[in-house]
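Participant: So here's upload.cif, just mmCIF, C-alpha atoms, pLDDT in the B column; chains and numbers go by the auth columns:
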```
data_structure
#
loop_
_atom_site.group_PDB
_atom_site.id
_atom_site.type_symbol
_atom_site.label_atom_id
_atom_site.label_comp_id
_atom_site.label_asym_id
_atom_site.label_seq_id
_atom_site.Cartn_x
_atom_site.Cartn_y
_atom_site.Cartn_z
_atom_site.B_iso_or_equiv
_atom_site.auth_seq_id
_atom_site.auth_asym_id
ATOM 1 C CA MET A 1 0.000 0.000 0.000 51.00 1 A
ATOM 2 C CA GLY A 2 2.588 2.502 1.107 48.00 2 A
ATOM 3 C CA ASP A 3 0.293 5.531 1.075 55.00 3 A
ATOM 4 C CA ASP A 4 -0.967 6.531 4.550 53.00 4 A
ATOM 5 C CA VAL A 5 -4.387 7.560 3.197 53.00 5 A
ATOM 6 C CA ASP A 6 -4.821 4.132 1.599 81.00 6 A
ATOM 7 C CA LEU A 7 -3.556 2.518 4.774 80.00 7 A
ATOM 8 C CA GLY A 8 -6.093 4.481 6.831 80.00 8 A
ATOM 9 C CA GLU A 9 -8.880 3.333 4.530 81.00 9 A
ATOM 10 C CA ALA A 10 -7.619 -0.258 4.689 80.00 10 A
ATOM 11 C CA VAL A 11 -7.648 -0.115 8.491 84.00 11 A
ATOM 12 C CA ARG A 12 -11.111 1.521 8.467 78.00 12 A
ATOM 13 C CA VAL A 13 -12.416 -1.577 6.644 78.00 13 A
ATOM 14 C CA LEU A 14 -11.327 -3.643 9.673 80.00 14 A
ATOM 15 C CA ARG A 15 -13.563 -1.636 12.060 82.00 15 A
ATOM 16 C CA ASP A 16 -16.405 -4.140 12.401 77.00 16 A
ATOM 17 C CA GLU A 17 -13.997 -7.016 12.943 76.00 17 A
ATOM 18 C CA VAL A 18 -11.843 -5.170 15.471 81.00 18 A
ATOM 19 C CA LEU A 19 -14.711 -3.669 17.465 80.00 19 A
ATOM 20 C CA ALA A 20 -16.962 -6.741 17.233 72.00 20 A
ATOM 21 C CA THR A 21 -19.847 -4.406 16.350 60.00 21 A
ATOM 22 C CA VAL A 22 -22.290 -7.266 15.810 52.00 22 A
ATOM 23 C CA GLU A 23 -22.293 -7.930 19.559 56.00 23 A
ATOM 24 C CA HIS A 24 -23.294 -4.351 20.418 47.00 24 A
ATOM 25 C CA GLY A 25 -26.083 -3.526 17.978 50.00 25 A
ATOM 26 C CA ASP A 26 -26.742 0.162 17.320 49.00 26 A
ATOM 27 C CA ARG A 27 -24.712 1.643 20.153 55.00 27 A
ATOM 28 C CA ASP A 28 -21.009 2.374 19.906 67.00 28 A
ATOM 29 C CA PRO A 29 -18.988 -0.642 20.985 75.00 29 A
ATOM 30 C CA PRO A 30 -16.501 -0.237 23.834 78.00 30 A
ATOM 31 C CA GLY A 31 -13.187 1.016 22.522 83.00 31 A
ATOM 32 C CA ALA A 32 -14.636 2.802 19.473 85.00 32 A
ATOM 33 C CA GLU A 33 -12.733 5.927 20.545 87.00 33 A
ATOM 34 C CA VAL A 34 -9.506 3.899 20.387 87.00 34 A
ATOM 35 C CA PHE A 35 -10.155 2.749 16.847 87.00 35 A
ATOM 36 C CA ASP A 36 -11.184 6.244 15.741 87.00 36 A
ATOM 37 C CA ALA A 37 -7.981 7.657 17.245 88.00 37 A
ATOM 38 C CA VAL A 38 -5.909 5.111 15.324 87.00 38 A
ATOM 39 C CA LEU A 39 -7.635 6.239 12.126 86.00 39 A
ATOM 40 C CA ARG A 40 -6.921 9.904 12.939 86.00 40 A
ATOM 41 C CA THR A 41 -3.287 9.053 13.624 85.00 41 A
ATOM 42 C CA LEU A 42 -2.968 7.215 10.331 85.00 42 A
ATOM 43 C CA ALA A 43 -4.661 10.099 8.504 83.00 43 A
ATOM 44 C CA ALA A 44 -2.047 12.441 9.975 79.00 44 A
ATOM 45 C CA GLY A 45 0.697 10.287 8.483 71.00 45 A
ATOM 46 C CA GLY A 46 1.940 8.935 11.799 57.00 46 A
ATOM 47 C CA GLU A 47 3.046 12.368 12.956 60.00 47 A
ATOM 48 C CA SER A 48 2.192 13.553 16.440 59.00 48 A
ATOM 49 C CA VAL A 49 -1.359 14.806 16.347 58.00 49 A
ATOM 50 C CA PRO A 50 -2.112 17.660 18.764 64.00 50 A
ATOM 51 C CA GLY A 51 -5.842 16.982 18.438 63.00 51 A
ATOM 52 C CA LEU A 52 -5.295 13.305 19.204 67.00 52 A
ATOM 53 C CA ASP A 53 -4.617 14.016 22.861 68.00 53 A
ATOM 54 C CA LEU A 54 -7.604 16.352 23.118 82.00 54 A
ATOM 55 C CA ALA A 55 -10.040 14.022 21.353 80.00 55 A
ATOM 56 C CA LEU A 56 -8.899 11.009 23.360 82.00 56 A
ATOM 57 C CA HIS A 57 -8.935 13.003 26.578 84.00 57 A
ATOM 58 C CA ASP A 58 -12.526 14.034 25.878 88.00 58 A
ATOM 59 C CA ALA A 59 -13.587 10.488 25.001 87.00 59 A
ATOM 60 C CA VAL A 60 -11.908 8.975 28.060 87.00 60 A
ATOM 61 C CA ALA A 61 -13.213 11.728 30.353 87.00 61 A
ATOM 62 C CA ARG A 62 -16.721 11.156 29.018 88.00 62 A
ATOM 63 C CA ARG A 63 -16.496 7.411 29.709 88.00 63 A
ATOM 64 C CA LEU A 64 -15.136 8.013 33.200 88.00 64 A
ATOM 65 C CA ALA A 65 -17.876 10.574 33.868 88.00 65 A
ATOM 66 C CA TRP A 66 -20.518 8.043 32.813 89.00 66 A
ATOM 67 C CA GLY A 67 -19.207 5.586 35.375 88.00 67 A
ATOM 68 C CA ASP A 68 -16.651 3.431 33.575 87.00 68 A
ATOM 69 C CA SER A 69 -13.647 2.751 35.777 89.00 69 A
ATOM 70 C CA GLU A 70 -10.074 3.404 34.721 90.00 70 A
ATOM 71 C CA GLU A 71 -9.576 -0.351 34.569 91.00 71 A
ATOM 72 C CA VAL A 72 -12.504 -0.816 32.151 91.00 72 A
ATOM 73 C CA VAL A 73 -11.268 1.963 29.853 91.00 73 A
ATOM 74 C CA LEU A 74 -7.761 0.481 29.759 92.00 74 A
ATOM 75 C CA SER A 75 -9.147 -3.022 29.282 91.00 75 A
ATOM 76 C CA ASP A 76 -11.227 -1.881 26.306 90.00 76 A
ATOM 77 C CA ALA A 77 -8.197 -0.129 24.810 91.00 77 A
ATOM 78 C CA GLU A 78 -6.109 -3.268 25.269 92.00 78 A
ATOM 79 C CA LEU A 79 -8.804 -5.433 23.664 91.00 79 A
ATOM 80 C CA VAL A 80 -9.079 -3.125 20.644 90.00 80 A
ATOM 81 C CA PHE A 81 -5.275 -2.996 20.359 91.00 81 A
ATOM 82 C CA ASP A 82 -5.012 -6.811 20.468 91.00 82 A
ATOM 83 C CA ARG A 83 -7.798 -7.324 17.937 90.00 83 A
ATOM 84 C CA LEU A 84 -6.343 -4.646 15.670 91.00 84 A
ATOM 85 C CA MET A 85 -2.918 -6.292 15.765 91.00 85 A
ATOM 86 C CA ILE A 86 -4.444 -9.628 14.744 90.00 86 A
ATOM 87 C CA ALA A 87 -6.506 -8.024 11.970 91.00 87 A
ATOM 88 C CA VAL A 88 -3.570 -5.967 10.673 91.00 88 A
ATOM 89 C CA ASP A 89 -1.300 -8.998 10.678 90.00 89 A
ATOM 90 C CA ARG A 90 -3.903 -10.961 8.718 89.00 90 A
ATOM 91 C CA ALA A 91 -4.931 -8.185 6.307 88.00 91 A
ATOM 92 C CA PHE A 92 -1.617 -6.573 5.347 89.00 92 A
ATOM 93 C CA ARG A 93 1.132 -8.368 3.489 89.00 93 A
ATOM 94 C CA ASP A 94 3.615 -5.496 3.419 90.00 94 A
ATOM 95 C CA PRO A 95 5.686 -5.342 6.637 90.00 95 A
ATOM 96 C CA ALA A 96 6.051 -1.559 6.244 89.00 96 A
ATOM 97 C CA ASP A 97 2.252 -1.158 6.307 89.00 97 A
ATOM 98 C CA ARG A 98 2.008 -3.396 9.350 90.00 98 A
ATOM 99 C CA MET A 99 4.699 -1.346 11.082 91.00 99 A
ATOM 100 C CA VAL A 100 2.902 1.943 10.396 89.00 100 A
ATOM 101 C CA ALA A 101 -0.400 0.547 11.692 89.00 101 A
ATOM 102 C CA ILE A 102 1.291 -0.914 14.774 90.00 102 A
ATOM 103 C CA GLU A 103 3.096 2.370 15.453 90.00 103 A
ATOM 104 C CA ALA A 104 -0.180 4.321 15.197 89.00 104 A
ATOM 105 C CA ALA A 105 -1.986 1.875 17.490 90.00 105 A
ATOM 106 C CA THR A 106 0.878 1.967 19.977 91.00 106 A
ATOM 107 C CA GLN A 107 0.864 5.769 19.989 89.00 107 A
ATOM 108 C CA VAL A 108 -2.882 5.746 20.681 89.00 108 A
ATOM 109 C CA ALA A 109 -2.558 3.104 23.416 90.00 109 A
ATOM 110 C CA ALA A 110 0.190 5.106 25.127 90.00 110 A
ATOM 111 C CA THR A 111 -1.891 8.270 24.906 88.00 111 A
ATOM 112 C CA ILE A 112 -4.889 6.512 26.447 90.00 112 A
ATOM 113 C CA ALA A 113 -2.728 5.128 29.250 91.00 113 A
ATOM 114 C CA ARG A 114 -1.399 8.630 29.948 89.00 114 A
ATOM 115 C CA VAL A 115 -4.883 10.188 29.915 88.00 115 A
ATOM 116 C CA VAL A 116 -6.255 7.474 32.218 90.00 116 A
ATOM 117 C CA ALA A 117 -3.275 7.884 34.565 91.00 117 A
ATOM 118 C CA LEU A 118 -3.848 11.640 34.727 89.00 118 A
ATOM 119 C CA ALA A 119 -7.557 11.068 35.392 87.00 119 A
ATOM 120 C CA ALA A 120 -6.734 8.568 38.144 89.00 120 A
ATOM 121 C CA VAL A 121 -4.311 10.996 39.784 92.00 121 A
ATOM 122 C CA ALA A 122 -6.902 13.783 39.574 89.00 122 A
ATOM 123 C CA ARG A 123 -9.568 11.506 41.067 87.00 123 A
ATOM 124 C CA ALA A 124 -7.210 10.428 43.836 90.00 124 A
ATOM 125 C CA SER A 125 -6.402 14.037 44.696 91.00 125 A
ATOM 126 C CA ARG A 126 -10.122 14.919 44.732 90.00 126 A
ATOM 127 C CA ASP A 127 -10.798 11.917 46.975 90.00 127 A
ATOM 128 C CA ARG A 128 -7.943 12.946 49.278 92.00 128 A
ATOM 129 C CA ALA A 129 -9.240 16.525 49.449 93.00 129 A
ATOM 130 C CA ALA A 130 -12.732 15.228 50.252 92.00 130 A
ATOM 131 C CA LEU A 131 -11.315 13.053 53.040 93.00 131 A
ATOM 132 C CA LEU A 132 -9.386 16.000 54.460 94.00 132 A
ATOM 133 C CA ARG A 133 -12.502 18.208 54.330 94.00 133 A
ATOM 134 C CA GLU A 134 -14.505 15.488 56.074 95.00 134 A
ATOM 135 C CA ALA A 135 -11.844 15.091 58.769 94.00 135 A
ATOM 136 C CA LEU A 136 -11.785 18.871 59.296 95.00 136 A
ATOM 137 C CA ALA A 137 -15.579 18.981 59.549 94.00 137 A
ATOM 138 C CA GLN A 138 -15.558 16.085 62.047 95.00 138 A
ATOM 139 C CA ARG A 139 -12.902 17.845 64.154 95.00 139 A
ATOM 140 C CA GLN A 140 -14.850 21.123 64.104 95.00 140 A
ATOM 141 C CA LEU A 141 -18.032 19.277 65.075 95.00 141 A
ATOM 142 C CA ARG A 142 -16.192 17.524 67.907 95.00 142 A
ATOM 143 C CA GLU A 143 -14.893 20.899 69.148 94.00 143 A
ATOM 144 C CA VAL A 144 -18.389 22.405 69.059 95.00 144 A
ATOM 145 C CA LEU A 145 -19.830 19.405 70.880 94.00 145 A
ATOM 146 C CA ASP A 146 -17.075 19.595 73.508 94.00 146 A
ATOM 147 C CA LYS A 147 -17.841 23.308 74.049 94.00 147 A
ATOM 148 C CA GLN A 148 -21.549 22.543 74.362 95.00 148 A
ATOM 149 C CA ARG A 149 -20.851 19.714 76.782 94.00 149 A
ATOM 150 C CA SER A 150 -18.671 21.963 78.955 93.00 150 A
ATOM 151 C CA SER A 151 -21.348 24.701 78.833 93.00 151 A
ATOM 152 C CA ILE A 152 -24.023 22.199 79.903 94.00 152 A
ATOM 153 C CA VAL A 153 -21.847 20.923 82.746 92.00 153 A
ATOM 154 C CA ARG A 154 -21.117 24.504 83.838 91.00 154 A
ATOM 155 C CA LEU A 155 -24.825 25.439 83.694 91.00 155 A
ATOM 156 C CA GLU A 156 -25.815 22.300 85.650 90.00 156 A
ATOM 157 C CA ARG A 157 -23.313 23.216 88.358 90.00 157 A
ATOM 158 C CA GLU A 158 -24.691 26.751 88.545 89.00 158 A
ATOM 159 C CA VAL A 159 -28.247 25.439 88.829 89.00 159 A
ATOM 160 C CA ARG A 160 -27.270 23.112 91.706 86.00 160 A
ATOM 161 C CA ARG A 161 -25.798 25.977 93.698 79.00 161 A
#
```
For the file at hand, write its structure as structure tokens.
Facilitator:
Amino acid sequence: MGDDVDLGEAVRVLRDEVLATVEHGDRDPPGAEVFDAVLRTLAAGGESVPGLDLALHDAVARRLAWGDSEEVVLSDAELVFDRLMIAVDRAFRDPADRMVAIEAATQVAATIARVVALAAVARASRDRAALLREALAQRQLREVLDKQRSSIVRLEREVRR
């Protein structure tokens, strides 16, 4: 093939096989964002794509916001990567074409891993901040309750006198 546009089209033909779309009906199958990112990378000629990070970040953030865990997102990316490698190996005879497709898929997989890692770190820091706020609120409540208890004890002593 040689030409990156032709290679992108050849990989696009593998979409149904790689994503196992038959199993998912009308909705987008898990990992569709991975496959789409590979196509965008191939369309860019294998060069670093500034929009690739943004598009993947948005897709991963959307999945995480809808309740998918980091592990599920990475698992879907790994499954798409594995299926794509099998399909590319079967479909392309030219080793150079296989190498370009593998490089694009690897770049996408690494980008997804980085985006998921950043999301996990952000979630962990939010969780830590929430724990610290809760601990502070508990301490303040304990202090207020201690002051009330001492006021009640003081008032009871004054009443007994």
Participant: Translate the PyMOL selection byres ((chain A and resi 32) around 10) into a concrete residue list for this structure, as a VMD selection string.
Facilitator: chain A and resid 15 18 to 19 21 28 to 31 33 to 38 59 76 to 77 80
Participant: What gap, in Å, lies between CA of Thr41 in chain A and CA of Ala104 in chain A?
Facilitator: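 That distance, rounded to one decimal, is 5.9 Å.
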Participant: Grab the CA of Ala55 in chain A to CA of Arg83 in chain A distance for me, in Å with one decimal place.
Facilitator: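 Computed distance, CA of Ala55 in chain A to CA of Arg83 in chain A, equals 21.7 Å.
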Participant: What's the separation between CA of Leu145 in chain A and CA of Arg160 in chain A, in Å to one decimal place?
Facilitator: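 CA of Leu145 in chain A sits 22.4 Å away from CA of Arg160 in chain A.
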Participant: Of the candidates A:Ala87, A:Ala129, A:Ala119, A:Ile112, which shows the shortest atom-to-atom distance to Leu14 in chain A, using only C-alpha atoms?
Facilitator: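 Smallest distance to Leu14 in chain A is found for A:Ala87.
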Participant: For the structure shown, which residues end up in the PyMOL selection byres ((chain A and resi 57) around 12)? Put them as a PyMOL selection string, please?
Facilitator: chain A and resi 33-34+37+50-56+58-65+73+108+111-119
Participant: Which neighbours of Arg98 in chain A fall inside 12 Å, counting all atoms listed in the file, when residues of the same chain fewer than 3 positions from it are skipped, and could you give them as an MDAnalysis selection string?
Facilitator: chainID A and resid 1:2 4 7:8 10:11 42 84:95 101:106
Participant: Could you check which of A:Arg154, A:Phe81, A:Asp16, A:Ser125 is closest to Gln107 in chain A, using only C-alpha atoms?
Facilitator: A:Phe81
Participant: Given the choices A:Val153, A:Ala122, A:Arg40, A:Glu71, which gets closest to Arg12 in chain A if the distance is worked out from only C-alpha atoms?
Facilitator: A:Arg40
Participant: Report as lines of an AutoDock Vina configuration file the centre and the edge lengths, in Å to one decimal, of the axis-aligned box holding every listed atom of range 34-40 of chain A, padded by 8 Å on each side.
Facilitator:
```
center_x = -8.5
center_y = 6.3
center_z = 16.3
size_x = 21.3
size_y = 23.2
size_z = 24.3
```
